[in-house]
$ cat upload_26.cif   # mmCIF, C-alpha atoms
data_upload
#
loop_
_atom_site.label_atom_id
_atom_site.label_comp_id
_atom_site.auth_asym_id
_atom_site.auth_seq_id
_atom_site.Cartn_x
_atom_site.Cartn_y
_atom_site.Cartn_z
CA MET D 1 15.38 147.48 91.72
CA LYS D 2 17.35 150.37 93.18
CA THR D 3 16.78 154.12 93.30
CA ILE D 4 19.34 156.33 91.57
CA GLN D 5 21.14 158.84 93.78
CA GLY D 6 21.04 162.52 92.95
CA PRO D 7 20.95 165.12 91.78
CA GLY D 8 24.71 165.52 91.44
CA ILE D 9 26.76 168.06 89.48
CA PHE D 10 30.15 167.78 87.74
CA LEU D 11 32.14 170.80 88.89
CA ALA D 12 34.66 170.89 86.02
CA GLN D 13 32.70 173.25 83.77
CA PHE D 14 31.98 175.66 86.62
CA ALA D 15 35.32 175.94 88.45
CA GLY D 16 37.06 179.28 87.90
CA ASP D 17 39.14 182.01 89.49
CA ALA D 18 36.18 184.09 90.62
CA ALA D 19 34.06 183.39 93.70
CA PRO D 20 32.12 181.23 94.37
CA PHE D 21 33.79 178.92 91.88
CA ASN D 22 37.41 179.19 93.09
CA SER D 23 37.41 176.96 96.19
CA LEU D 24 35.71 173.78 97.30
CA PRO D 25 33.87 175.34 100.28
CA ALA D 26 32.48 178.17 98.14
CA ILE D 27 31.47 176.10 95.14
CA ALA D 28 29.94 173.53 97.50
CA ASP D 29 27.77 176.24 99.06
CA TRP D 30 26.70 177.29 95.57
CA ALA D 31 25.85 173.72 94.49
CA ALA D 32 23.98 172.94 97.69
CA GLY D 33 22.02 176.16 97.36
CA LEU D 34 20.78 175.00 93.95
CA GLY D 35 19.52 171.74 95.42
CA TYR D 36 22.31 169.35 94.47
CA LYS D 37 23.09 166.45 96.80
CA GLY D 38 26.42 165.39 95.32
CA VAL D 39 29.45 166.81 93.51
CA GLN D 40 31.72 165.09 91.02
CA ILE D 41 35.17 166.56 91.60
CA PRO D 42 37.71 167.22 88.81
CA SER D 43 40.86 165.87 90.44
CA TRP D 44 43.17 167.99 88.27
CA ASP D 45 41.86 171.31 89.58
CA ALA D 46 44.05 172.34 92.53
CA ARG D 47 41.59 175.10 93.43
CA LEU D 48 39.17 172.40 94.52
CA PHE D 49 41.16 169.28 95.37
CA ASP D 50 44.68 167.99 96.07
CA LEU D 51 44.89 164.57 94.44
CA ALA D 52 48.41 163.71 95.58
CA LEU D 53 47.54 164.52 99.18
CA ALA D 54 44.29 162.57 98.96
CA ALA D 55 46.20 159.48 97.83
CA GLU D 56 48.49 159.76 100.85
CA SER D 57 46.34 161.13 103.66
CA GLN D 58 43.19 159.63 105.13
CA THR D 59 42.94 162.72 107.31
CA TYR D 60 42.72 165.00 104.28
CA CYS D 61 40.06 162.77 102.70
CA ASP D 62 38.04 162.75 105.89
CA GLU D 63 38.27 166.55 106.05
CA VAL D 64 37.01 166.91 102.48
CA LYS D 65 34.12 164.52 103.12
CA GLY D 66 33.28 166.31 106.35
CA LEU D 67 33.36 169.75 104.72
CA LEU D 68 30.89 168.60 102.09
CA ALA D 69 28.71 166.66 104.51
CA ASP D 70 28.29 169.80 106.60
CA LYS D 71 26.72 171.38 103.52
CA GLY D 72 24.48 168.41 102.79
CA LEU D 73 26.66 167.10 99.97
CA ALA D 74 28.45 163.86 99.14
CA ILE D 75 31.19 163.15 96.61
CA THR D 76 29.67 161.23 93.70
CA GLU D 77 33.00 160.37 92.06
CA LEU D 78 36.41 161.81 91.40
CA SER D 79 37.23 162.51 87.75
CA THR D 80 40.53 162.10 85.88
CA HIS D 81 39.22 162.95 82.43
CA LEU D 82 42.25 165.09 81.59
CA GLN D 83 44.83 162.73 83.09
CA GLY D 84 43.19 159.66 81.56
CA GLN D 85 43.36 161.37 78.19
CA LEU D 86 47.13 161.59 78.59
CA VAL D 87 47.58 157.87 79.19
CA ALA D 88 47.38 157.46 75.41
CA VAL D 89 48.01 160.40 73.07
CA HIS D 90 48.47 160.31 69.31
CA PRO D 91 51.45 162.49 68.30
CA ALA D 92 49.15 164.72 66.24
CA PHE D 93 47.71 166.01 69.53
CA ASP D 94 50.91 166.32 71.56
CA ALA D 95 51.07 170.12 71.48
CA GLN D 96 47.39 170.54 72.36
CA PHE D 97 47.39 168.02 75.19
CA ASP D 98 50.56 169.34 76.82
CA GLY D 99 48.31 171.93 78.43
CA PHE D 100 46.66 169.18 80.49
CA ALA D 101 49.95 168.39 82.26
CA PRO D 102 52.51 170.28 84.38
CA ALA D 103 55.00 172.48 82.55
CA GLU D 104 57.92 170.26 83.50
CA VAL D 105 56.68 167.45 81.22
CA HIS D 106 55.72 169.61 78.23
CA GLY D 107 57.43 168.51 75.05
CA ASN D 108 58.22 165.12 76.60
CA PRO D 109 55.44 162.64 75.73
CA ALA D 110 57.02 159.77 77.68
CA ALA D 111 57.33 161.83 80.87
CA ARG D 112 53.82 163.23 80.38
CA GLN D 113 52.39 159.73 80.07
CA GLU D 114 54.26 158.53 83.17
CA TRP D 115 52.85 161.49 85.10
CA ALA D 116 49.32 160.75 83.84
CA VAL D 117 49.47 157.07 84.77
CA GLN D 118 50.51 157.93 88.32
CA GLN D 119 47.73 160.49 88.54
CA VAL D 120 45.07 157.95 87.61
CA LYS D 121 46.53 155.40 90.03
CA ASN D 122 46.47 158.09 92.74
CA ALA D 123 42.80 158.63 91.95
CA ALA D 124 42.07 154.95 92.56
CA ILE D 125 43.70 155.14 95.99
CA ALA D 126 42.06 158.47 96.82
CA SER D 127 38.66 157.10 95.79
CA ARG D 128 39.04 154.25 98.26
CA ARG D 129 40.04 156.66 101.02
CA LEU D 130 36.92 158.70 100.24
CA GLY D 131 34.68 155.63 100.38
CA LEU D 132 33.86 155.78 96.66
CA THR D 133 33.25 152.76 94.45
CA ALA D 134 33.38 154.31 90.96
CA HIS D 135 35.65 156.74 89.13
CA ALA D 136 35.14 158.82 85.96
CA THR D 137 37.86 159.00 83.31
CA PHE D 138 38.82 158.96 79.61
CA SER D 139 40.69 156.21 77.78
CA GLY D 140 42.89 158.36 75.55
CA ALA D 141 43.33 157.52 71.87
CA PHE D 142 45.82 156.23 69.35
CA ALA D 143 43.47 155.34 66.48
CA TRP D 144 41.09 158.31 66.52
CA PRO D 145 42.80 160.27 63.69
CA TYR D 146 42.08 157.27 61.44
CA PHE D 147 38.43 156.74 62.35
CA TYR D 148 37.24 157.62 58.82
CA PRO D 149 39.28 155.32 56.56
CA TRP D 150 40.60 157.52 53.78
CA PRO D 151 43.18 156.73 52.71
CA ALA D 152 42.56 153.15 53.67
CA ARG D 153 44.01 152.26 57.04
CA PRO D 154 47.03 149.96 56.93
CA ALA D 155 46.08 146.44 57.88
CA GLY D 156 46.33 145.89 61.62
CA LEU D 157 46.59 149.57 62.60
CA VAL D 158 43.44 149.59 64.72
CA GLU D 159 44.28 146.24 66.28
CA ASP D 160 47.77 147.44 67.19
CA ALA D 161 46.36 150.66 68.63
CA PHE D 162 43.96 148.79 70.89
CA ASP D 163 46.67 146.33 71.90
CA GLU D 164 48.80 149.26 73.09
CA LEU D 165 45.87 150.99 74.76
CA ALA D 166 45.12 147.82 76.72
CA ARG D 167 48.78 147.33 77.60
CA ARG D 168 48.88 150.79 79.15
CA TRP D 169 45.60 150.51 81.01
CA LYS D 170 45.81 146.95 82.38
CA PRO D 171 48.22 147.83 85.23
CA ILE D 172 46.09 150.86 86.10
CA LEU D 173 42.95 148.74 86.19
CA ASP D 174 44.77 146.35 88.53
CA VAL D 175 45.34 149.24 90.95
CA PHE D 176 41.64 150.08 90.77
CA ASP D 177 40.86 146.47 91.56
CA GLU D 178 43.23 146.49 94.55
CA ASN D 179 41.30 149.50 95.85
CA GLY D 180 37.80 148.18 95.15
CA VAL D 181 36.94 150.94 92.68
CA ASP D 182 35.48 150.72 89.16
CA ALA D 183 37.13 152.77 86.41
CA ALA D 184 34.29 154.14 84.29
CA TYR D 185 35.39 155.30 80.86
CA GLU D 186 33.24 158.01 79.34
CA ILE D 187 32.31 156.67 75.92
CA HIS D 188 33.14 159.76 73.92
CA PRO D 189 34.18 160.78 70.37
CA GLY D 190 37.85 161.72 70.39
CA GLU D 191 38.58 158.68 72.59
CA ASP D 192 39.37 155.27 71.20
CA LEU D 193 36.47 154.06 73.36
CA HIS D 194 33.74 156.02 71.60
CA ASP D 195 30.95 153.47 71.12
CA GLY D 196 29.95 149.97 72.14
CA VAL D 197 32.05 148.18 69.55
CA THR D 198 35.25 149.97 70.56
CA PHE D 199 34.52 149.38 74.25
CA GLU D 200 34.18 145.67 73.51
CA MET D 201 37.47 145.67 71.56
CA PHE D 202 39.21 147.17 74.58
CA LEU D 203 37.41 144.95 77.07
CA GLU D 204 38.53 141.82 75.24
CA ARG D 205 42.15 142.99 75.30
CA VAL D 206 42.15 143.65 79.05
CA GLY D 207 40.75 140.18 79.68
CA HIS D 208 37.25 141.42 80.52
CA HIS D 209 38.75 143.12 83.53
CA PRO D 210 36.08 143.56 86.23
CA ARG D 211 37.13 147.19 86.79
CA ALA D 212 36.90 148.23 83.12
CA ASN D 213 33.50 149.88 83.02
CA ILE D 214 31.45 152.68 81.47
CA LEU D 215 30.43 156.25 82.18
CA TYR D 216 27.14 156.58 80.30
CA ASP D 217 26.46 159.96 78.69
CA PRO D 218 23.66 159.83 76.09
CA SER D 219 24.58 163.18 74.54
CA HIS D 220 27.61 161.67 72.81
CA PHE D 221 25.44 158.98 71.29
CA VAL D 222 22.95 161.48 69.87
CA LEU D 223 25.80 163.23 68.05
CA GLN D 224 26.92 159.86 66.63
CA GLN D 225 23.34 158.76 65.85
CA LEU D 226 23.75 155.69 68.06
CA ASP D 227 20.74 154.19 69.86
CA TYR D 228 21.32 155.45 73.40
CA LEU D 229 18.47 153.40 74.89
CA GLN D 230 19.54 150.10 73.39
CA PHE D 231 23.06 150.84 74.64
CA ILE D 232 21.71 150.56 78.20
CA ASP D 233 20.05 147.22 77.35
CA ILE D 234 23.36 145.86 76.07
CA TYR D 235 25.87 147.30 78.54
CA HIS D 236 23.94 147.99 81.76
CA GLU D 237 26.09 145.58 83.76
CA ARG D 238 29.15 147.72 82.96
CA ILE D 239 27.55 151.16 83.46
CA LYS D 240 28.89 152.54 86.74
CA CYS D 241 28.63 156.33 86.23
CA PHE D 242 25.97 158.50 84.58
CA HIS D 243 26.30 162.00 83.14
CA VAL D 244 22.93 163.63 82.58
CA LYS D 245 23.55 165.84 79.55
CA ASP D 246 21.17 166.80 76.76
CA ALA D 247 21.88 167.13 73.04
CA GLU D 248 20.21 167.55 69.69
CA PHE D 249 20.98 166.52 66.12
CA ARG D 250 19.43 168.58 63.33
CA PRO D 251 21.16 167.78 60.02
CA ASN D 252 20.70 170.10 57.08
CA GLY D 253 21.64 170.40 53.43
CA ARG D 254 25.07 171.76 54.27
CA SER D 255 26.27 169.73 57.25
CA GLY D 256 25.69 166.51 59.17
CA VAL D 257 27.43 164.30 61.72
CA TYR D 258 30.90 165.74 61.13
CA GLY D 259 29.82 169.32 61.77
CA GLY D 260 31.59 171.13 58.92
CA TYR D 261 34.33 172.51 61.23
CA GLN D 262 31.72 174.90 62.58
CA SER D 263 31.50 176.44 66.02
CA TRP D 264 29.31 174.52 68.45
CA VAL D 265 26.34 176.83 68.00
CA ASN D 266 26.34 176.18 64.22
CA ARG D 267 26.82 172.41 64.24
CA PRO D 268 23.88 170.12 63.42
CA GLY D 269 24.84 168.06 66.46
CA ARG D 270 25.31 170.11 69.61
CA PHE D 271 25.04 169.79 73.36
CA ARG D 272 22.17 171.51 75.13
CA SER D 273 21.11 172.30 78.67
CA LEU D 274 18.78 169.77 80.25
CA GLY D 275 15.33 169.85 78.71
CA ASP D 276 16.39 171.91 75.69
CA GLY D 277 17.53 168.96 73.55
CA GLN D 278 16.04 165.80 72.10
CA ILE D 279 17.01 163.12 74.62
CA ASP D 280 14.24 161.02 76.17
CA PHE D 281 15.39 161.13 79.78
CA GLY D 282 12.16 159.56 81.01
CA ALA D 283 13.06 156.39 79.11
CA ILE D 284 16.68 156.55 80.24
CA PHE D 285 15.85 156.87 83.93
CA SER D 286 13.29 154.07 83.59
CA LYS D 287 15.88 151.74 82.06
CA MET D 288 18.50 152.68 84.63
CA ALA D 289 16.05 151.93 87.46
CA ALA D 290 14.89 148.67 85.89
CA ASN D 291 18.53 147.56 85.58
CA ASP D 292 19.43 148.36 89.21
CA PHE D 293 21.76 151.30 88.58
CA ALA D 294 22.38 152.55 92.10
CA GLY D 295 24.97 155.22 91.29
CA TRP D 296 24.57 158.96 90.88
CA ALA D 297 22.74 160.98 88.24
CA VAL D 298 25.25 163.79 87.66
CA LEU D 299 24.62 166.91 85.62
CA GLU D 300 27.37 167.68 83.13
CA TRP D 301 26.54 171.09 81.74
CA GLU D 302 27.67 171.92 78.21
CA CYS D 303 25.56 174.19 76.03
CA ALA D 304 26.49 176.57 73.23
CA ILE D 305 23.52 178.85 73.92
CA LYS D 306 22.44 178.98 77.57
CA HIS D 307 24.42 180.57 80.40
CA PRO D 308 26.04 177.92 82.63
CA GLU D 309 24.53 179.26 85.83
CA GLN D 310 21.03 179.07 84.35
CA GLY D 311 21.78 175.54 83.18
CA ALA D 312 22.99 174.58 86.65
CA ALA D 313 19.95 176.11 88.35
CA GLU D 314 17.57 174.25 86.03
CA GLY D 315 19.53 171.00 86.23
CA ALA D 316 18.84 170.02 89.84
CA PRO D 317 15.02 170.08 89.62
CA PHE D 318 15.16 168.42 86.20
CA ILE D 319 17.15 165.48 87.54
CA ARG D 320 15.11 165.28 90.73
CA LYS D 321 11.91 165.09 88.68
CA HIS D 322 13.29 162.19 86.63
CA ILE D 323 14.67 160.07 89.48
CA ILE D 324 12.32 157.14 89.96
CA GLN D 325 11.64 156.02 93.53
CA VAL D 326 11.47 152.33 92.73
CA THR D 327 8.52 150.34 93.96
CA PRO D 328 9.03 147.60 96.57
CA HIS D 329 6.15 145.52 95.23
CA ALA D 330 4.22 144.86 92.03
CA PHE D 331 1.28 147.14 91.31
CA ASP D 332 -1.12 144.19 91.07
CA ASP D 333 -0.06 142.44 94.27
CA PHE D 334 -3.44 143.31 95.77
CA ALA D 335 -5.09 140.89 93.35
CA ALA D 336 -2.69 138.01 93.93
CA GLY D 337 -4.26 134.89 95.36
CA GLY D 338 -1.14 133.18 96.57
CA ALA D 339 0.32 129.92 95.29
CA ASP D 340 -2.19 127.12 94.88
CA ARG D 341 -0.78 124.28 92.77
CA ALA D 342 -4.07 122.43 92.69
CA LEU D 343 -5.83 125.52 91.35
CA ASN D 344 -3.08 126.00 88.75
CA LYS D 345 -3.59 122.49 87.49
CA ARG D 346 -7.37 122.96 87.24
CA LEU D 347 -6.88 126.21 85.33
CA MET D 348 -4.64 124.47 82.80
CA GLY D 349 -6.74 121.32 82.59
CA ILE D 350 -3.94 119.18 83.92
CA GLY D 351 -5.09 116.07 85.73
#
$ encode --input "upload_26.cif" --output "structure tokens"
Amino acid sequence: MKTIQGPGIFLAQFAGDAAPFNSLPAIADWAAGLGYKGVQIPSWDARLFDLALAAESQTYCDEVKGLLADKGLAITELSTHLQGQLVAVHPAFDAQFDGFAPAEVHGNPAARQEWAVQQVKNAAIASRRLGLTAHATFSGAFAWPYFYPWPARPAGLVEDAFDELARRWKPILDVFDENGVDAAYEIHPGEDLHDGVTFEMFLERVGHHPRANILYDPSHFVLQQLDYLQFIDIYHERIKCFHVKDAEFRPNGRSGVYGGYQSWVNRPGRFRSLGDGQIDFGAIFSKMAANDFAGWAVLEWECAIKHPEQGAAEGAPFIRKHIIQVTPHAFDDFAAGGADRALNKRLMGIG
């Protein structure tokens, strides 16, 4: 068994224009001061990171690693959640998702997708230069608007959507393979890869590509009412990244899984700061340890109630408390008598 690394923190929800959240050195000081040992870096945020330069320059990557190491921090992973989303966009979301891309490709879905694909490929190269072995991203979605089949979906629509999704991602996954990095898709509503079944549909279409893997975030499974512990049992070999995020689901007589178009604070299913929700993190960390997950436990803070800085401050000790230092030997080794085949045969009555 292996011991999980951590605590780490995903910087995306904290980055901003005000200090200390507006530069990598400042936000790193803040994270280290809270007790974090690693940072997951949103590669789209130029205030913190230059992805294009990182893909080209080993010197820049070494400087970033050195800056963080001086503060007692490591990079857990790079993230291309926003760029990965743009690899596959249903036209219904074109206007909304244009904001994830540079102004010069707005209103031009083909150019936006080309930009996004290059961004994710750059992240594979940059990850290698940074000495990373896993990368966090989204799959994008073609079929999501049709997830609840009314009117009935035309025959073959979902299959065609996943065929196209795989066609777009296969060359990107090949670049990840060339760079020795796993692409870990966050299994997330809004993405075509939103549960185990849809991940398997995609995996089959990319030929069970060794770099097509999973970012495990149990909060998204609580909101779907999916068994988040059994998910680890089934898919642990493909889990390469781990977001530690809490959630709760409290249905009522007016609203359930779909949330009634309500604000986050009024939805039956909502994300919470660590320890404020319903997730059994003790069981999760036990399963991750038992299945040799050696990656990072990374806080992703999203809560409709608590202030983000309070959530961040509480997150590091919460994760640290749950990380299991795995045992190098069995608890009952002291009572072992060693191998004695003759004794074994006597005990079983075998002549």
$ resolve_selection --input "upload_26.cif" --expression "the PyMOL selection byres ((chain D and resi 40-56) around 9)" --output "ChimeraX atom specification"
/D:8-12,15-17,21-25,27,38-39,57-61,64,74-83,100,119,121-130,136,298
$ closest_residue --input "upload_26.cif" --among "D:Phe249, D:Phe202, D:Tyr146, D:Phe138" --to "Ala166 of chain D" --atoms "all atoms listed in the file"
D:Phe202
$ resolve_selection --input "upload_26.cif" --expression "the PyMOL selection byres ((chain D and resi 215-217) around 7)" --output "list in words"
Ala136, Ala184, Tyr185, Glu186, Ile187, Ile214, Pro218, Ser219, His220, Ile239, Lys240, Cys241, Phe242, His243, Val244 and Lys245 of chain D
$ atom_distance --input "upload_26.cif" --atom1 "atom CA of Phe147 of chain D" --atom2 "atom CA of Gln85 of chain D"
17.2 Å
$ atom_distance --input "upload_26.cif" --atom1 "atom CA of Lys287 of chain D" --atom2 "atom CA of Gly207 of chain D"
27.5 Å
$ resolve_selection --input "upload_26.cif" --expression "the PyMOL selection byres ((chain D and resi 113) around 12)" --output "NGL selection string"
:D and (82-90 or 94 or 97-98 or 100-102 or 105-112 or 114-120 or 140 or 168-169)
$ closest_residue --input "upload_26.cif" --among "D:Gly99, D:Gly315, D:Pro328, D:Gly256" --to "Tyr36 of chain D" --atoms "all atoms listed in the file"
D:Gly315
$ residues_around --input "upload_26.cif" --residues "segment 274-283 of chain D" --least-positions-apart "2" --cutoff "9 Å" --atoms "all atoms listed in the file" --output "short mmCIF file (atom, residue, chain, number, x, y, z; two decimals) with C-alpha atoms, keeping the file's coordinate frame"
data_model
loop_
_atom_site.label_atom_id
_atom_site.label_comp_id
_atom_site.auth_asym_id
_atom_site.auth_seq_id
_atom_site.Cartn_x
_atom_site.Cartn_y
_atom_site.Cartn_z
CA PRO D 218 23.66 159.83 76.09
CA SER D 219 24.58 163.18 74.54
CA VAL D 222 22.95 161.48 69.87
CA TYR D 228 21.32 155.45 73.40
CA LEU D 229 18.47 153.40 74.89
CA VAL D 244 22.93 163.63 82.58
CA LYS D 245 23.55 165.84 79.55
CA ASP D 246 21.17 166.80 76.76
CA ALA D 247 21.88 167.13 73.04
CA GLU D 248 20.21 167.55 69.69
CA PHE D 249 20.98 166.52 66.12
CA ARG D 270 25.31 170.11 69.61
CA PHE D 271 25.04 169.79 73.36
CA ARG D 272 22.17 171.51 75.13
CA PHE D 285 15.85 156.87 83.93
CA SER D 286 13.29 154.07 83.59
CA LYS D 287 15.88 151.74 82.06
CA MET D 288 18.50 152.68 84.63
CA LEU D 299 24.62 166.91 85.62
CA TRP D 301 26.54 171.09 81.74
CA GLY D 311 21.78 175.54 83.18
CA GLU D 314 17.57 174.25 86.03
CA GLY D 315 19.53 171.00 86.23
CA PHE D 318 15.16 168.42 86.20
CA ILE D 319 17.15 165.48 87.54
CA HIS D 322 13.29 162.19 86.63
CA ILE D 323 14.67 160.07 89.48
#
$ atom_distance --input "upload_26.cif" --atom1 "atom CA of Glu302 of chain D" --atom2 "atom CA of Val265 of chain D"
11.4 Å
$ residues_around --input "upload_26.cif" --residues "Ala313 of chain D" --least-positions-apart "4" --cutoff "8 Å" --atoms "all atoms listed in the file" --output "PyMOL selection string"
chain D and resi 34+309+317
$ closest_residue --input "upload_26.cif" --among "D:Asp233, D:Glu191, D:Glu300, D:Asp29" --to "Phe162 of chain D" --atoms "all atoms listed in the file"
D:Glu191
$ closest_residue --input "upload_26.cif" --among "D:Ala342, D:Ala69, D:Ile172, D:Ala289" --to "Val206 of chain D" --atoms "all atoms listed in the file"
D:Ile172
$ residues_around --input "upload_26.cif" --residues "segment 3-6 of chain D" --least-positions-apart "2" --cutoff "6 Å" --atoms "only C-alpha atoms" --output "PyMOL selection string"
chain D and resi 8+37+294-297+325-326
$ closest_residue --input "upload_26.cif" --among "D:Gly269, D:Thr137, D:Ile284, D:Trp264" --to "Gln230 of chain D" --atoms "all atoms listed in the file"
D:Ile284
$ residues_around --input "upload_26.cif" --residues "Ala134 of chain D" --least-positions-apart "2" --cutoff "6 Å" --atoms "only C-alpha atoms" --output "list of chain:residue names"
D:Leu132, D:Val181, D:Asp182
$ closest_residue --input "upload_26.cif" --among "D:Thr133, D:Ser273, D:Gln225, D:Asn213" --to "Glu178 of chain D" --atoms "all atoms listed in the file"
D:Thr133
